[in-house]
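Following: one structure in structure tokens, then a few remarks.
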Amino acid sequence: MTFSKRTDWNTALNPLAQKAEELRAHPDFINLTVTNPTDCGFSYLTPALLEPLLHPDGLKYTPDPHGLPKAREAVCRYYAAKGILLHPDQIFITASTSEAYSFVFKILAEHGDSILGPAPGYPLMDYLAEINDVKLIRYPLIYQNGWQMEPKILEECTARVKATLVVHPSNPAGNYVSEKEQAILASWAQRKKAALISDEVFYDFALETTPLPPSFAAQNDGLTFTLSGISKILGLPQMKLSWVVVTGPEELKNDALRRLEIVADTYLSASTPIQNALPLWLEKMPAIQQEIRDRIRSNRAFLEKHFAGSAVEVLKTEGGWSSILRMPGIQTDEQWALDLLENQKVLLHPGYLFDLEEMPAALVLSLLVPEESFKTGLARLLSAKTR
Ligand SMILES: Cc1ncc(COP(=O)(O)O)c(C=O)c1O
């Protein structure tokens with residue numbers, strides 16, 4: 001018996017993960033990597049959120065590869081509030097953003113084709129590409145007092161590239177794709193006959209109140225797939241509902257929709273009660289997002305103040321749930337993470353997990369951590385070789 005090569009993964013725990021497992025139950029353990037919003041003490045998580053699931057419409061099965069019209073209409077209202085007018089037929093409801101990625105990869109790429117994706121970027125992307133037989137080629141975001149794309153890297157890529165993927169704003173770097181970068185990407189996509197894929201799960205979580213560059217759902221110059229879902233925008237990852245919006249020139253868009261319809265019809269994976277609940281949950285979105293934004297903004301402000309004048313650099317960011325610290329270069333990111341875990345019982349992610357290899361002593365932490373633990377964890381960091 002042999003298994004597929006694409007699943008030949010090394011699943012052994014690395015020393016950091018092993019140590020974290022050992023310490024998890026220790027009373028002094030502080031996990032500064034928690035990004036699961038249901039583990040962060042938010043008050044929006046009350047049983048009242050479950051009420052829409054009791055609606056009797058949840059007893060009927062009316063399969064639709066696009067997802068239930070009322071869920072898609074609710075997604076249209078979400079974009080209309082951003083000034084973007086969509087038709088419900090441009091939307092497919094999926095069970096997760098990861099699934100939405102898989103659907104898009106399946107219609108775009110043959111075995112061995114490439115998709116360009118950002119570095120730093122979140123680790124799941126590599127697996128998503130791999131299990132869909134797509135090669136993910138990382139293009140570096142450059143840090144110069146803020147993160148930017150380097151357009152000539154896209155131009156120079158000679159592989160058979162079917163799409164460029166952006167995370168808007170990045171996880172973990174937090175930069176939005178600026179309007180100028182969006183225009184460059186759209187022109188690249190048209191010239192190369194490739195698509196754009198924009199992952200916007202963190203779009204609503206800006207750290208500042210300044211106007212944001214638009215969502216790619218407003219992009220019609222090239223074929224564009226915009227992905228989002230309620231795991232982040234409503235802080236409800238356990239409910240499993242996401243979507244993909246297809247925009248672009250009419251003929252290409254319709255061809256993509258026709259193909260996605262068959263892929264989605266093969267799975268029909270989004271559950272009926274959850275789709276029925278979406279319109280009501282989206283009505284609660286302003287309050288939920290406010291609570292999450294208050295947390296990330298207050299933790300971010302504390303983070304900046306805490307390390308001001310120290311040897312730890314807090315990298316600039318614009319949004320999302322994470323921040324990156326550049327630690328003193330006396331040891332690598334992995335050594336820093338192990339050191340802090342063993343000696344301070346504080347867990348942070350080493351940067352290499354997010355393809356931050358260019359920055360050898362970078363650590364990534366979550367801004368969702370409850371404020372008390374966040375402050376205690378950071379105090380321990382400051383007492384560790386960083387002054
Ligand atoms: C940038 C980004 N996109 C997508 C996902 C996955 O989202 P979902 O839970 O909807 O699959 C994550 C999960 O952390 C993420 O960070």
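Every chain in the structure tokens has a letter given in the order shown (A, B, ...), and although residue numbers restart at 1 in each chain, ligands are simply numbered from 1 in the order shown.
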
Taking only C-alpha atoms and all ligand atoms and a cut-off of 10 Å, can you tell me which residues surround ligand 1, written as a PDB file with C-alpha atoms, in the first residue's frame?
```pdb
ATOM      1  CA  THR A  35      -6.226  33.648  17.260  1.00  0.00           C
ATOM      2  CA  ASN A  36      -9.304  31.542  17.941  1.00  0.00           C
ATOM      3  CA  THR A  94     -18.720  27.618   1.003  1.00  0.00           C
ATOM      4  CA  ALA A  95     -18.106  25.980   4.371  1.00  0.00           C
ATOM      5  CA  SER A  96     -14.791  27.784   4.868  1.00  0.00           C
ATOM      6  CA  THR A  97     -12.435  30.200   3.202  1.00  0.00           C
ATOM      7  CA  SER A  98      -9.994  27.319   2.834  1.00  0.00           C
ATOM      8  CA  GLU A  99     -12.632  25.471   0.824  1.00  0.00           C
ATOM      9  CA  ALA A 100     -13.204  28.579  -1.288  1.00  0.00           C
ATOM     10  CA  TYR A 101      -9.453  28.600  -2.084  1.00  0.00           C
ATOM     11  CA  GLY A 121       1.948  34.697   4.598  1.00  0.00           C
ATOM     12  CA  TYR A 122       0.027  32.295   6.756  1.00  0.00           C
ATOM     13  CA  PRO A 123       1.136  28.631   6.745  1.00  0.00           C
ATOM     14  CA  LEU A 124      -2.154  27.011   5.683  1.00  0.00           C
ATOM     15  CA  MET A 125      -1.670  28.430   2.180  1.00  0.00           C
ATOM     16  CA  VAL A 166      -3.076  38.709  -2.087  1.00  0.00           C
ATOM     17  CA  VAL A 167      -4.133  38.748   1.534  1.00  0.00           C
ATOM     18  CA  HIS A 168      -5.855  42.079   2.083  1.00  0.00           C
ATOM     19  CA  PRO A 169      -4.762  42.872   4.794  1.00  0.00           C
ATOM     20  CA  SER A 170      -1.922  40.412   5.196  1.00  0.00           C
ATOM     21  CA  ASN A 171      -1.772  37.776   7.885  1.00  0.00           C
ATOM     22  CA  PRO A 172       0.555  38.306   9.743  1.00  0.00           C
ATOM     23  CA  GLY A 174      -1.144  43.542   8.404  1.00  0.00           C
ATOM     24  CA  SER A 198      -7.903  38.277  -2.745  1.00  0.00           C
ATOM     25  CA  ASP A 199      -8.281  36.813   0.739  1.00  0.00           C
ATOM     26  CA  GLU A 200     -10.119  39.502   2.721  1.00  0.00           C
ATOM     27  CA  VAL A 201     -11.035  37.687   5.916  1.00  0.00           C
ATOM     28  CA  PHE A 202      -9.400  40.476   7.973  1.00  0.00           C
ATOM     29  CA  TYR A 203     -10.548  43.401   5.805  1.00  0.00           C
ATOM     30  CA  LEU A 227     -12.736  35.402  -0.490  1.00  0.00           C
ATOM     31  CA  SER A 228     -14.109  36.111   2.959  1.00  0.00           C
ATOM     32  CA  GLY A 229     -16.197  34.516   5.662  1.00  0.00           C
ATOM     33  CA  ILE A 230     -17.626  34.652   9.127  1.00  0.00           C
ATOM     34  CA  SER A 231     -14.712  32.951  10.909  1.00  0.00           C
ATOM     35  CA  LYS A 232     -13.100  36.391  11.130  1.00  0.00           C
ATOM     36  CA  ILE A 233     -15.647  39.059  10.138  1.00  0.00           C
ATOM     37  CA  GLY A 235     -15.572  35.995  14.944  1.00  0.00           C
ATOM     38  CA  LEU A 236     -17.496  32.738  14.472  1.00  0.00           C
ATOM     39  CA  PRO A 237     -15.056  30.135  13.072  1.00  0.00           C
ATOM     40  CA  GLN A 238     -17.101  27.279  14.532  1.00  0.00           C
ATOM     41  CA  MET A 239     -20.118  28.131  12.336  1.00  0.00           C
ATOM     42  CA  LYS A 240     -18.276  27.368   9.103  1.00  0.00           C
ATOM     43  CA  LEU A 241     -19.509  29.755   6.444  1.00  0.00           C
ATOM     44  CA  SER A 242     -17.501  31.653   3.869  1.00  0.00           C
ATOM     45  CA  TRP A 243     -17.880  32.817   0.308  1.00  0.00           C
ATOM     46  CA  GLY A 320      -5.593  42.168  11.061  1.00  0.00           C
ATOM     47  CA  TRP A 321      -5.262  40.224  14.272  1.00  0.00           C
ATOM     48  CA  SER A 322      -1.462  39.828  14.475  1.00  0.00           C
TER      49      SER A 322
END
```

Which neighbours of range 133-137 of chain A fall inside 8 Å, counting only C-alpha atoms, when residues of the same chain fewer than 4 positions from it are skipped, and could you give them as a PyMOL selection string?
chain A and resi 6+105+109-117+126+129

Expected file contents, prior selection, all heavy atoms, as a short mmCIF file (atom, residue, chain, number, x, y, z; two decimals), in the first residue's frame:
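After the write, out_26.cif holds the following:
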```cif
data_model
loop_
_atom_site.label_atom_id
_atom_site.label_comp_id
_atom_site.auth_asym_id
_atom_site.auth_seq_id
_atom_site.Cartn_x
_atom_site.Cartn_y
_atom_site.Cartn_z
N ARG A 6 1.75 13.65 -2.29
CA ARG A 6 1.40 14.99 -1.81
C ARG A 6 1.02 14.98 -0.32
O ARG A 6 0.92 16.05 0.29
CB ARG A 6 0.28 15.61 -2.66
CG ARG A 6 -1.10 15.05 -2.45
CD ARG A 6 -2.14 15.89 -3.13
NE ARG A 6 -2.34 15.51 -4.53
CZ ARG A 6 -3.05 14.45 -4.91
NH1 ARG A 6 -3.60 13.65 -4.01
NH2 ARG A 6 -3.20 14.18 -6.18
N PHE A 105 -8.70 27.25 -6.93
CA PHE A 105 -7.51 26.57 -7.47
C PHE A 105 -7.92 25.50 -8.49
O PHE A 105 -7.31 25.34 -9.53
CB PHE A 105 -6.70 25.92 -6.35
CG PHE A 105 -5.95 26.88 -5.45
CD1 PHE A 105 -5.31 26.44 -4.30
CD2 PHE A 105 -5.88 28.24 -5.76
CE1 PHE A 105 -4.62 27.31 -3.47
CE2 PHE A 105 -5.19 29.12 -4.93
CZ PHE A 105 -4.55 28.65 -3.79
N ALA A 109 -6.16 25.95 -12.20
CA ALA A 109 -4.80 25.41 -12.41
C ALA A 109 -4.79 23.94 -12.76
O ALA A 109 -5.52 23.13 -12.20
CB ALA A 109 -3.98 25.64 -11.14
N GLU A 110 -3.91 23.60 -13.71
CA GLU A 110 -3.59 22.20 -14.01
C GLU A 110 -2.51 21.76 -13.02
O GLU A 110 -1.82 22.60 -12.44
CB GLU A 110 -2.96 22.06 -15.41
CG GLU A 110 -3.72 22.64 -16.54
CD GLU A 110 -4.98 21.86 -16.88
OE1 GLU A 110 -5.24 20.82 -16.24
OE2 GLU A 110 -5.71 22.32 -17.76
N HIS A 111 -2.30 20.46 -12.93
CA HIS A 111 -1.21 19.93 -12.12
C HIS A 111 0.10 20.61 -12.54
O HIS A 111 0.42 20.64 -13.74
CB HIS A 111 -1.13 18.42 -12.37
CG HIS A 111 -0.09 17.74 -11.57
ND1 HIS A 111 1.23 17.71 -11.94
CD2 HIS A 111 -0.15 17.11 -10.38
CE1 HIS A 111 1.94 17.08 -11.04
NE2 HIS A 111 1.12 16.70 -10.07
N GLY A 112 0.80 21.17 -11.58
CA GLY A 112 2.10 21.79 -11.89
C GLY A 112 2.03 23.28 -12.20
O GLY A 112 3.05 23.94 -12.28
N ASP A 113 0.83 23.81 -12.41
CA ASP A 113 0.72 25.26 -12.60
C ASP A 113 1.05 25.98 -11.28
O ASP A 113 0.98 25.38 -10.20
CB ASP A 113 -0.71 25.65 -13.01
CG ASP A 113 -0.98 25.38 -14.47
OD1 ASP A 113 -0.02 25.12 -15.22
OD2 ASP A 113 -2.17 25.42 -14.86
N SER A 114 1.34 27.26 -11.40
CA SER A 114 1.76 28.01 -10.20
C SER A 114 0.78 29.13 -9.86
O SER A 114 0.11 29.67 -10.74
CB SER A 114 3.14 28.64 -10.41
OG SER A 114 4.07 27.64 -10.70
N ILE A 115 0.76 29.43 -8.59
CA ILE A 115 0.03 30.59 -8.08
C ILE A 115 1.06 31.39 -7.29
O ILE A 115 1.84 30.81 -6.53
CB ILE A 115 -1.11 30.16 -7.11
CG1 ILE A 115 -2.05 29.13 -7.75
CG2 ILE A 115 -1.84 31.36 -6.51
CD1 ILE A 115 -3.27 29.64 -8.44
N LEU A 116 1.07 32.70 -7.48
CA LEU A 116 1.98 33.53 -6.69
C LEU A 116 1.28 33.92 -5.39
O LEU A 116 0.11 34.33 -5.41
CB LEU A 116 2.35 34.80 -7.47
CG LEU A 116 3.17 34.59 -8.75
CD1 LEU A 116 3.28 35.91 -9.50
CD2 LEU A 116 4.55 34.07 -8.40
N GLY A 117 2.00 33.79 -4.29
CA GLY A 117 1.41 34.15 -3.00
C GLY A 117 2.42 34.89 -2.14
O GLY A 117 3.63 34.70 -2.30
N ASP A 126 0.28 26.97 2.06
CA ASP A 126 1.13 25.97 1.40
C ASP A 126 0.38 24.65 1.28
O ASP A 126 0.44 23.99 0.25
CB ASP A 126 2.42 25.77 2.21
CG ASP A 126 3.27 27.02 2.20
OD1 ASP A 126 3.77 27.36 1.12
OD2 ASP A 126 3.40 27.65 3.26
N ALA A 129 -2.38 24.83 -1.38
CA ALA A 129 -1.83 24.70 -2.73
C ALA A 129 -1.45 23.25 -3.00
O ALA A 129 -1.86 22.66 -4.01
CB ALA A 129 -0.62 25.62 -2.88
#
```

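By only C-alpha atoms, and with residues fewer than 4 positions from range 288-301 of chain A along its chain excluded, the set lying at most 8 Å from it is Phe42, Tyr44, Asp204, Phe205, Ala206, Leu207, Ile233, Leu234, Gly235, Lys284, Lys305, Trp321, Ser323, Leu367, Leu368, Pro370, Glu371 and Phe374 of chain A.
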
Out of A:Val346, A:Ala218, A:Ala17, A:Leu32, which residue has the shortest atom-to-atom distance to Leu365 in chain A when counting only C-alpha atoms?
A:Leu32

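Closest to Leu108 in chain A among A:Thr164, A:Asn14, A:Asn145, A:Thr33 is A:Thr164, based on only C-alpha atoms.
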
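The gap separating CA of Trp281 in chain A from CA of Glu261 in chain A is 25.6 Å, in Å to one decimal.
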
If we count only C-alpha atoms and set the cut-off at 12 Å, which residues sit around range 339-342 of chain A, ignoring sequence neighbours fewer than 4 positions away in its own chain? Please answer as a ChimeraX atom specification.
/A:15-24,26,28-33,327,330-335,346-350,363,377-386

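With only C-alpha atoms as the atoms that count, the minimum distance from Ala173 in chain A to the choices A:Pro214, A:Pro27, A:Pro140, A:Pro286 is reached by A:Pro140.
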
Expected answer as a PDB file with N, CA, C and O atoms, in the first residue's frame: alpha helix (DSSP H) residues in range 69-145 of chain A:
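That gives us part10.pdb:
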```
ATOM      1  N   PRO A  69     -30.250  31.547  -1.720  1.00  0.00           N
ATOM      2  CA  PRO A  69     -30.342  32.948  -2.151  1.00  0.00           C
ATOM      3  C   PRO A  69     -30.316  33.921  -0.973  1.00  0.00           C
ATOM      4  O   PRO A  69     -29.665  34.961  -1.054  1.00  0.00           O
ATOM      5  N   LYS A  70     -30.975  33.575   0.135  1.00  0.00           N
ATOM      6  CA  LYS A  70     -31.024  34.584   1.198  1.00  0.00           C
ATOM      7  C   LYS A  70     -29.641  34.803   1.852  1.00  0.00           C
ATOM      8  O   LYS A  70     -29.339  35.906   2.301  1.00  0.00           O
ATOM      9  N   ALA A  71     -28.815  33.771   1.838  1.00  0.00           N
ATOM     10  CA  ALA A  71     -27.442  33.944   2.361  1.00  0.00           C
ATOM     11  C   ALA A  71     -26.636  34.818   1.390  1.00  0.00           C
ATOM     12  O   ALA A  71     -25.908  35.732   1.794  1.00  0.00           O
ATOM     13  N   ARG A  72     -26.818  34.561   0.079  1.00  0.00           N
ATOM     14  CA  ARG A  72     -26.062  35.355  -0.914  1.00  0.00           C
ATOM     15  C   ARG A  72     -26.520  36.805  -0.941  1.00  0.00           C
ATOM     16  O   ARG A  72     -25.723  37.715  -1.130  1.00  0.00           O
ATOM     17  N   GLU A  73     -27.846  36.985  -0.747  1.00  0.00           N
ATOM     18  CA  GLU A  73     -28.340  38.379  -0.706  1.00  0.00           C
ATOM     19  C   GLU A  73     -27.739  39.111   0.498  1.00  0.00           C
ATOM     20  O   GLU A  73     -27.407  40.296   0.420  1.00  0.00           O
ATOM     21  N   ALA A  74     -27.584  38.389   1.608  1.00  0.00           N
ATOM     22  CA  ALA A  74     -26.976  39.009   2.800  1.00  0.00           C
ATOM     23  C   ALA A  74     -25.517  39.387   2.506  1.00  0.00           C
ATOM     24  O   ALA A  74     -25.035  40.443   2.934  1.00  0.00           O
ATOM     25  N   VAL A  75     -24.809  38.526   1.757  1.00  0.00           N
ATOM     26  CA  VAL A  75     -23.419  38.839   1.392  1.00  0.00           C
ATOM     27  C   VAL A  75     -23.401  40.085   0.491  1.00  0.00           C
ATOM     28  O   VAL A  75     -22.551  40.968   0.645  1.00  0.00           O
ATOM     29  N   CYS A  76     -24.390  40.177  -0.422  1.00  0.00           N
ATOM     30  CA  CYS A  76     -24.475  41.377  -1.283  1.00  0.00           C
ATOM     31  C   CYS A  76     -24.651  42.634  -0.422  1.00  0.00           C
ATOM     32  O   CYS A  76     -24.048  43.674  -0.714  1.00  0.00           O
ATOM     33  N   ARG A  77     -25.468  42.533   0.634  1.00  0.00           N
ATOM     34  CA  ARG A  77     -25.672  43.720   1.498  1.00  0.00           C
ATOM     35  C   ARG A  77     -24.362  44.083   2.218  1.00  0.00           C
ATOM     36  O   ARG A  77     -24.063  45.259   2.410  1.00  0.00           O
ATOM     37  N   TYR A  78     -23.587  43.049   2.606  1.00  0.00           N
ATOM     38  CA  TYR A  78     -22.292  43.303   3.259  1.00  0.00           C
ATOM     39  C   TYR A  78     -21.392  44.150   2.340  1.00  0.00           C
ATOM     40  O   TYR A  78     -20.758  45.106   2.781  1.00  0.00           O
ATOM     41  N   TYR A  79     -21.376  43.811   1.025  1.00  0.00           N
ATOM     42  CA  TYR A  79     -20.538  44.588   0.096  1.00  0.00           C
ATOM     43  C   TYR A  79     -21.191  45.921  -0.268  1.00  0.00           C
ATOM     44  O   TYR A  79     -20.494  46.909  -0.485  1.00  0.00           O
ATOM     45  N   ALA A  80     -22.537  45.946  -0.327  1.00  0.00           N
ATOM     46  CA  ALA A  80     -23.221  47.211  -0.654  1.00  0.00           C
ATOM     47  C   ALA A  80     -22.867  48.268   0.391  1.00  0.00           C
ATOM     48  O   ALA A  80     -22.692  49.447   0.065  1.00  0.00           O
ATOM     49  N   THR A  97     -13.238  29.471   4.180  1.00  0.00           N
ATOM     50  CA  THR A  97     -12.435  30.200   3.202  1.00  0.00           C
ATOM     51  C   THR A  97     -11.429  29.244   2.574  1.00  0.00           C
ATOM     52  O   THR A  97     -11.122  29.342   1.380  1.00  0.00           O
ATOM     53  N   SER A  98     -10.929  28.313   3.378  1.00  0.00           N
ATOM     54  CA  SER A  98      -9.994  27.319   2.834  1.00  0.00           C
ATOM     55  C   SER A  98     -10.655  26.555   1.698  1.00  0.00           C
ATOM     56  O   SER A  98     -10.032  26.285   0.662  1.00  0.00           O
ATOM     57  N   GLU A  99     -11.921  26.185   1.886  1.00  0.00           N
ATOM     58  CA  GLU A  99     -12.632  25.471   0.824  1.00  0.00           C
ATOM     59  C   GLU A  99     -12.794  26.368  -0.408  1.00  0.00           C
ATOM     60  O   GLU A  99     -12.643  25.913  -1.554  1.00  0.00           O
ATOM     61  N   ALA A 100     -13.065  27.640  -0.166  1.00  0.00           N
ATOM     62  CA  ALA A 100     -13.204  28.579  -1.288  1.00  0.00           C
ATOM     63  C   ALA A 100     -11.894  28.636  -2.098  1.00  0.00           C
ATOM     64  O   ALA A 100     -11.910  28.630  -3.325  1.00  0.00           O
ATOM     65  N   TYR A 101     -10.749  28.659  -1.396  1.00  0.00           N
ATOM     66  CA  TYR A 101      -9.453  28.600  -2.084  1.00  0.00           C
ATOM     67  C   TYR A 101      -9.379  27.359  -2.971  1.00  0.00           C
ATOM     68  O   TYR A 101      -8.982  27.429  -4.123  1.00  0.00           O
ATOM     69  N   SER A 102      -9.748  26.214  -2.384  1.00  0.00           N
ATOM     70  CA  SER A 102      -9.646  24.951  -3.126  1.00  0.00           C
ATOM     71  C   SER A 102     -10.486  24.993  -4.394  1.00  0.00           C
ATOM     72  O   SER A 102     -10.045  24.561  -5.458  1.00  0.00           O
ATOM     73  N   PHE A 103     -11.699  25.528  -4.281  1.00  0.00           N
ATOM     74  CA  PHE A 103     -12.582  25.602  -5.454  1.00  0.00           C
ATOM     75  C   PHE A 103     -11.936  26.458  -6.549  1.00  0.00           C
ATOM     76  O   PHE A 103     -11.935  26.096  -7.723  1.00  0.00           O
ATOM     77  N   VAL A 104     -11.378  27.586  -6.143  1.00  0.00           N
ATOM     78  CA  VAL A 104     -10.789  28.503  -7.130  1.00  0.00           C
ATOM     79  C   VAL A 104      -9.544  27.863  -7.767  1.00  0.00           C
ATOM     80  O   VAL A 104      -9.363  27.899  -8.988  1.00  0.00           O
ATOM     81  N   PHE A 105      -8.700  27.249  -6.928  1.00  0.00           N
ATOM     82  CA  PHE A 105      -7.509  26.574  -7.469  1.00  0.00           C
ATOM     83  C   PHE A 105      -7.924  25.504  -8.487  1.00  0.00           C
ATOM     84  O   PHE A 105      -7.314  25.345  -9.530  1.00  0.00           O
ATOM     85  N   LYS A 106      -8.995  24.773  -8.160  1.00  0.00           N
ATOM     86  CA  LYS A 106      -9.420  23.671  -9.034  1.00  0.00           C
ATOM     87  C   LYS A 106      -9.837  24.179 -10.416  1.00  0.00           C
ATOM     88  O   LYS A 106      -9.555  23.544 -11.425  1.00  0.00           O
ATOM     89  N   ILE A 107     -10.509  25.317 -10.467  1.00  0.00           N
ATOM     90  CA  ILE A 107     -10.953  25.770 -11.800  1.00  0.00           C
ATOM     91  C   ILE A 107      -9.836  26.500 -12.558  1.00  0.00           C
ATOM     92  O   ILE A 107      -9.926  26.651 -13.768  1.00  0.00           O
ATOM     93  N   LEU A 108      -8.792  26.944 -11.847  1.00  0.00           N
ATOM     94  CA  LEU A 108      -7.762  27.732 -12.537  1.00  0.00           C
ATOM     95  C   LEU A 108      -6.568  26.913 -13.016  1.00  0.00           C
ATOM     96  O   LEU A 108      -6.014  27.190 -14.078  1.00  0.00           O
ATOM     97  N   LEU A 124      -1.159  27.886   6.298  1.00  0.00           N
ATOM     98  CA  LEU A 124      -2.154  27.011   5.683  1.00  0.00           C
ATOM     99  C   LEU A 124      -2.125  27.076   4.151  1.00  0.00           C
ATOM    100  O   LEU A 124      -2.459  26.119   3.456  1.00  0.00           O
ATOM    101  N   MET A 125      -1.686  28.222   3.629  1.00  0.00           N
ATOM    102  CA  MET A 125      -1.670  28.430   2.180  1.00  0.00           C
ATOM    103  C   MET A 125      -0.860  27.360   1.448  1.00  0.00           C
ATOM    104  O   MET A 125      -1.232  26.925   0.370  1.00  0.00           O
ATOM    105  N   ASP A 126       0.283  26.974   2.056  1.00  0.00           N
ATOM    106  CA  ASP A 126       1.130  25.970   1.405  1.00  0.00           C
ATOM    107  C   ASP A 126       0.379  24.651   1.278  1.00  0.00           C
ATOM    108  O   ASP A 126       0.443  23.987   0.254  1.00  0.00           O
ATOM    109  N   TYR A 127      -0.325  24.285   2.340  1.00  0.00           N
ATOM    110  CA  TYR A 127      -1.078  23.020   2.306  1.00  0.00           C
ATOM    111  C   TYR A 127      -2.214  23.099   1.294  1.00  0.00           C
ATOM    112  O   TYR A 127      -2.472  22.154   0.561  1.00  0.00           O
ATOM    113  N   LEU A 128      -2.901  24.241   1.278  1.00  0.00           N
ATOM    114  CA  LEU A 128      -4.020  24.403   0.346  1.00  0.00           C
ATOM    115  C   LEU A 128      -3.546  24.251  -1.095  1.00  0.00           C
ATOM    116  O   LEU A 128      -4.216  23.628  -1.919  1.00  0.00           O
ATOM    117  N   ALA A 129      -2.379  24.827  -1.383  1.00  0.00           N
ATOM    118  CA  ALA A 129      -1.830  24.704  -2.735  1.00  0.00           C
ATOM    119  C   ALA A 129      -1.454  23.248  -3.002  1.00  0.00           C
ATOM    120  O   ALA A 129      -1.857  22.664  -4.014  1.00  0.00           O
ATOM    121  N   GLU A 130      -0.736  22.668  -2.051  1.00  0.00           N
ATOM    122  CA  GLU A 130      -0.215  21.316  -2.235  1.00  0.00           C
ATOM    123  C   GLU A 130      -1.324  20.287  -2.467  1.00  0.00           C
ATOM    124  O   GLU A 130      -1.229  19.455  -3.375  1.00  0.00           O
ATOM    125  N   ILE A 131      -2.383  20.347  -1.657  1.00  0.00           N
ATOM    126  CA  ILE A 131      -3.411  19.307  -1.827  1.00  0.00           C
ATOM    127  C   ILE A 131      -4.251  19.532  -3.081  1.00  0.00           C
ATOM    128  O   ILE A 131      -5.016  18.665  -3.477  1.00  0.00           O
TER     129      ILE A 131
END
```

Would you compute the distance between CA of Thr158 in chain A and CA of Gly146 in chain A? Give it in Å to one decimal.
27.7 Å

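Distance annotation: of A:Pro249, A:Pro151, A:Pro279, A:Pro118, the residue with the minimal separation from Leu185 in chain A is A:Pro151; atom set is only C-alpha atoms.
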
Test item: residues at most 12 Å from Thr266 in chain A, only C-alpha atoms, excluding those fewer than 3 positions along its chain, as an MDAnalysis selection string:
chainID A and resid 63:66 94 103 259:263 269:270

DSSP strand (DSSP E or B) residues within range 97-324 of chain A, as a PyMOL selection string
chain A and resi 114-119+135-140+142-143+147-148+161-167+195-199+206+224-229+242-247+313-314+319+322-324
